[in-house]
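A.B. asks: Have a look at the structure that comes next, please.
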Amino acid sequence: MKFRNIATLLSAAFLFAVLSSCATGPATIPPDLTAAELVQRAQEASDKNRYSVSLQYYEAILQRFPDDMEYVCTADYEIAFIYYKQKKYDLSKTGMTNLLERYNSPDEELLPQQYKVLAKKILTTISDLEGK
C-alpha cells in the first residue's frame, strides 16, 4: 500500500511538471500594442525568466514594426542577449553579428549606438568563454 501512494505521488508530481512546463507556450499578443508596449512586456517576461514569451514579444516587434529601426535594433539585440543568457552561444553570436551588420550602412548614424557597443562586448565575452 505504501508503494502505491509513493507511485501515485510521483505520477502526480510528473504530471504537474509536464503541465507547468507548457505554461510558457505561445503568448497571446494583442494586435494593438505599440512597439514600446511590446518591449515592456518582453522585458517583464524576461525578468521572470520566461524567455520563450519574451522572444515572442520581440519577434512581434520585428513583424509589426519592420521599418522602425530603433525598435528593430532593440529586438535584434534583446533576442541575441536572451540566447546569451541561456548559454546558446552560437545563436547569440549569429544574432549579434547580424545586428552589427546593420551598422555597416550609410544610415548607421541613425541607429541606436548602444546596441552596437553592447553587441561587440557580448561577442568578446562569448569568444573569451569559448577560448577557455
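By order of appearance in the C-alpha cells: chains A, B, ..., then residues from 1 within every chain, and ligands from 1 in the order shown.
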For Arg41 of chain A, find every residue with an atom within 12 Å (counting only C-alpha atoms), except residues of its own chain fewer than 3 positions away, and show them as a JSON list (two decimals) with N, CA, C and O atoms, in the first residue's frame.

C.D. replies:
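Generated file (out_22.json):
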[["chain", "number", "residue", "atom", "x", "y", "z"],
["A", 27, "ALA", "N", 2.39, 33.04, -26.39],
["A", 27, "ALA", "CA", 1.73, 34.16, -25.72],
["A", 27, "ALA", "C", 0.64, 34.71, -26.64],
["A", 27, "ALA", "O", 0.77, 34.68, -27.86],
["A", 28, "THR", "N", -0.43, 35.18, -26.03],
["A", 28, "THR", "CA", -1.46, 35.86, -26.79],
["A", 28, "THR", "C", -1.07, 37.33, -26.79],
["A", 28, "THR", "O", -1.13, 38.00, -25.76],
["A", 29, "ILE", "N", -0.67, 37.82, -27.95],
["A", 29, "ILE", "CA", -0.17, 39.19, -28.04],
["A", 29, "ILE", "C", -1.25, 40.04, -28.72],
["A", 29, "ILE", "O", -1.55, 39.84, -29.89],
["A", 30, "PRO", "N", -1.82, 40.98, -27.96],
["A", 30, "PRO", "CA", -2.85, 41.84, -28.55],
["A", 30, "PRO", "C", -2.31, 42.58, -29.78],
["A", 30, "PRO", "O", -1.18, 43.07, -29.76],
["A", 33, "LEU", "N", -0.94, 46.59, -29.59],
["A", 33, "LEU", "CA", 0.14, 47.08, -28.75],
["A", 33, "LEU", "C", 1.14, 47.88, -29.57],
["A", 33, "LEU", "O", 1.47, 47.52, -30.70],
["A", 34, "THR", "N", 1.63, 48.95, -28.98],
["A", 34, "THR", "CA", 2.68, 49.74, -29.62],
["A", 34, "THR", "C", 4.00, 49.01, -29.48],
["A", 34, "THR", "O", 4.13, 48.06, -28.68],
["A", 35, "ALA", "N", 5.00, 49.45, -30.20],
["A", 35, "ALA", "CA", 6.33, 48.85, -30.09],
["A", 35, "ALA", "C", 6.86, 49.00, -28.67],
["A", 35, "ALA", "O", 7.45, 48.07, -28.12],
["A", 36, "ALA", "N", 6.64, 50.15, -28.07],
["A", 36, "ALA", "CA", 7.09, 50.38, -26.70],
["A", 36, "ALA", "C", 6.41, 49.42, -25.72],
["A", 36, "ALA", "O", 7.05, 48.90, -24.80],
["A", 37, "GLU", "N", 5.13, 49.17, -25.92],
["A", 37, "GLU", "CA", 4.42, 48.24, -25.06],
["A", 37, "GLU", "C", 4.92, 46.80, -25.24],
["A", 37, "GLU", "O", 5.03, 46.05, -24.28],
["A", 38, "LEU", "N", 5.25, 46.45, -26.48],
["A", 38, "LEU", "CA", 5.79, 45.13, -26.74],
["A", 38, "LEU", "C", 7.14, 44.96, -26.04],
["A", 38, "LEU", "O", 7.41, 43.90, -25.45],
["A", 44, "GLU", "N", 9.35, 42.41, -19.09],
["A", 44, "GLU", "CA", 8.70, 41.83, -17.91],
["A", 44, "GLU", "C", 8.80, 40.31, -17.95],
["A", 44, "GLU", "O", 9.08, 39.67, -16.92],
["A", 45, "ALA", "N", 8.57, 39.71, -19.11],
["A", 45, "ALA", "CA", 8.68, 38.25, -19.23],
["A", 45, "ALA", "C", 10.11, 37.80, -19.01],
["A", 45, "ALA", "O", 10.37, 36.82, -18.30],
["A", 46, "SER", "N", 11.07, 38.52, -19.56],
["A", 46, "SER", "CA", 12.48, 38.17, -19.39],
["A", 46, "SER", "C", 12.91, 38.27, -17.94],
["A", 46, "SER", "O", 13.65, 37.42, -17.44],
["A", 47, "ASP", "N", 12.42, 39.30, -17.24],
["A", 47, "ASP", "CA", 12.74, 39.47, -15.82],
["A", 47, "ASP", "C", 12.26, 38.28, -14.99],
["A", 47, "ASP", "O", 12.81, 37.99, -13.93],
["A", 48, "LYS", "N", 11.22, 37.60, -15.48],
["A", 48, "LYS", "CA", 10.68, 36.42, -14.79],
["A", 48, "LYS", "C", 11.24, 35.12, -15.37],
["A", 48, "LYS", "O", 10.70, 34.04, -15.11],
["A", 50, "ARG", "N", 10.99, 34.03, -18.27],
["A", 50, "ARG", "CA", 10.05, 33.44, -19.23],
["A", 50, "ARG", "C", 10.55, 33.82, -20.62],
["A", 50, "ARG", "O", 9.94, 34.60, -21.34],
["A", 51, "TYR", "N", 11.69, 33.25, -20.97],
["A", 51, "TYR", "CA", 12.39, 33.66, -22.18],
["A", 51, "TYR", "C", 11.60, 33.35, -23.46],
["A", 51, "TYR", "O", 11.65, 34.14, -24.40],
["A", 53, "VAL", "N", 8.41, 33.45, -23.91],
["A", 53, "VAL", "CA", 7.40, 34.50, -24.06],
["A", 53, "VAL", "C", 8.06, 35.81, -24.47],
["A", 53, "VAL", "O", 7.58, 36.51, -25.36],
["A", 54, "SER", "N", 9.16, 36.13, -23.84],
["A", 54, "SER", "CA", 9.89, 37.34, -24.18],
["A", 54, "SER", "C", 10.29, 37.34, -25.65],
["A", 54, "SER", "O", 10.11, 38.35, -26.36],
["A", 55, "LEU", "N", 10.80, 36.21, -26.12],
["A", 55, "LEU", "CA", 11.18, 36.10, -27.53],
["A", 55, "LEU", "C", 9.99, 36.33, -28.45],
["A", 55, "LEU", "O", 10.12, 36.96, -29.50],
["A", 56, "GLN", "N", 8.82, 35.86, -28.05],
["A", 56, "GLN", "CA", 7.62, 36.05, -28.87],
["A", 56, "GLN", "C", 7.27, 37.54, -29.00],
["A", 56, "GLN", "O", 6.89, 37.99, -30.08],
["A", 57, "TYR", "N", 7.42, 38.29, -27.93],
["A", 57, "TYR", "CA", 7.16, 39.73, -27.99],
["A", 57, "TYR", "C", 8.17, 40.44, -28.89],
["A", 57, "TYR", "O", 7.80, 41.30, -29.69],
["A", 58, "TYR", "N", 9.45, 40.05, -28.76],
["A", 58, "TYR", "CA", 10.45, 40.68, -29.62],
["A", 58, "TYR", "C", 10.23, 40.31, -31.09],
["A", 58, "TYR", "O", 10.41, 41.16, -31.97],
["A", 60, "ALA", "N", 7.37, 39.76, -32.40],
["A", 60, "ALA", "CA", 6.21, 40.56, -32.81],
["A", 60, "ALA", "C", 6.65, 41.96, -33.23],
["A", 60, "ALA", "O", 6.11, 42.53, -34.19],
["A", 61, "ILE", "N", 7.64, 42.51, -32.54],
["A", 61, "ILE", "CA", 8.17, 43.83, -32.92],
["A", 61, "ILE", "C", 8.73, 43.76, -34.34],
["A", 61, "ILE", "O", 8.45, 44.62, -35.17]]

A.B. asks: Please provide the set of residues having any atom within 10 Å of Thr125 of chain A, restricted to only C-alpha atoms, with same-chain residues fewer than 6 positions apart removed, written as a list in words.

C.D. replies: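 Here the qualifying residues turn out to be Tyr84, Ala119 and Gly131 of chain A.
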
A.B. asks: Might you pull out every residue within 12 Å of Asp68 of chain A, with only C-alpha atoms counted and same-chain residues fewer than 3 positions away left off, and present them as a VMD selection string?

C.D. replies: chain A and resid 34 to 36 61 to 65 71 to 75 110 to 112

A.B. asks: What's the separation between atom CA of Tyr83 of chain A and atom CA of Glu70 of chain A, in Å to one decimal place?

C.D. replies: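 Computing it gives 20.3 Å between the two atoms.
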
A.B. asks: Just checking: using only C-alpha atoms, which residue out of A:Glu59, A:Asp76, A:Asp128, A:Asp32 ends up closest to Arg102 of chain A?

C.D. replies: A:Asp76

A.B. asks: What does the distance from atom CA of Lys93 of chain A to atom CA of Ile126 of chain A come to in Å, to one decimal?

C.D. replies: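 About the pair atom CA of Lys93 of chain A and atom CA of Ile126 of chain A: they are 7.6 Å apart.
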
A.B. asks: In Å to one decimal, how far is atom CA of Asp67 of chain A from atom CA of Thr97 of chain A?

C.D. replies: 19.8 Å
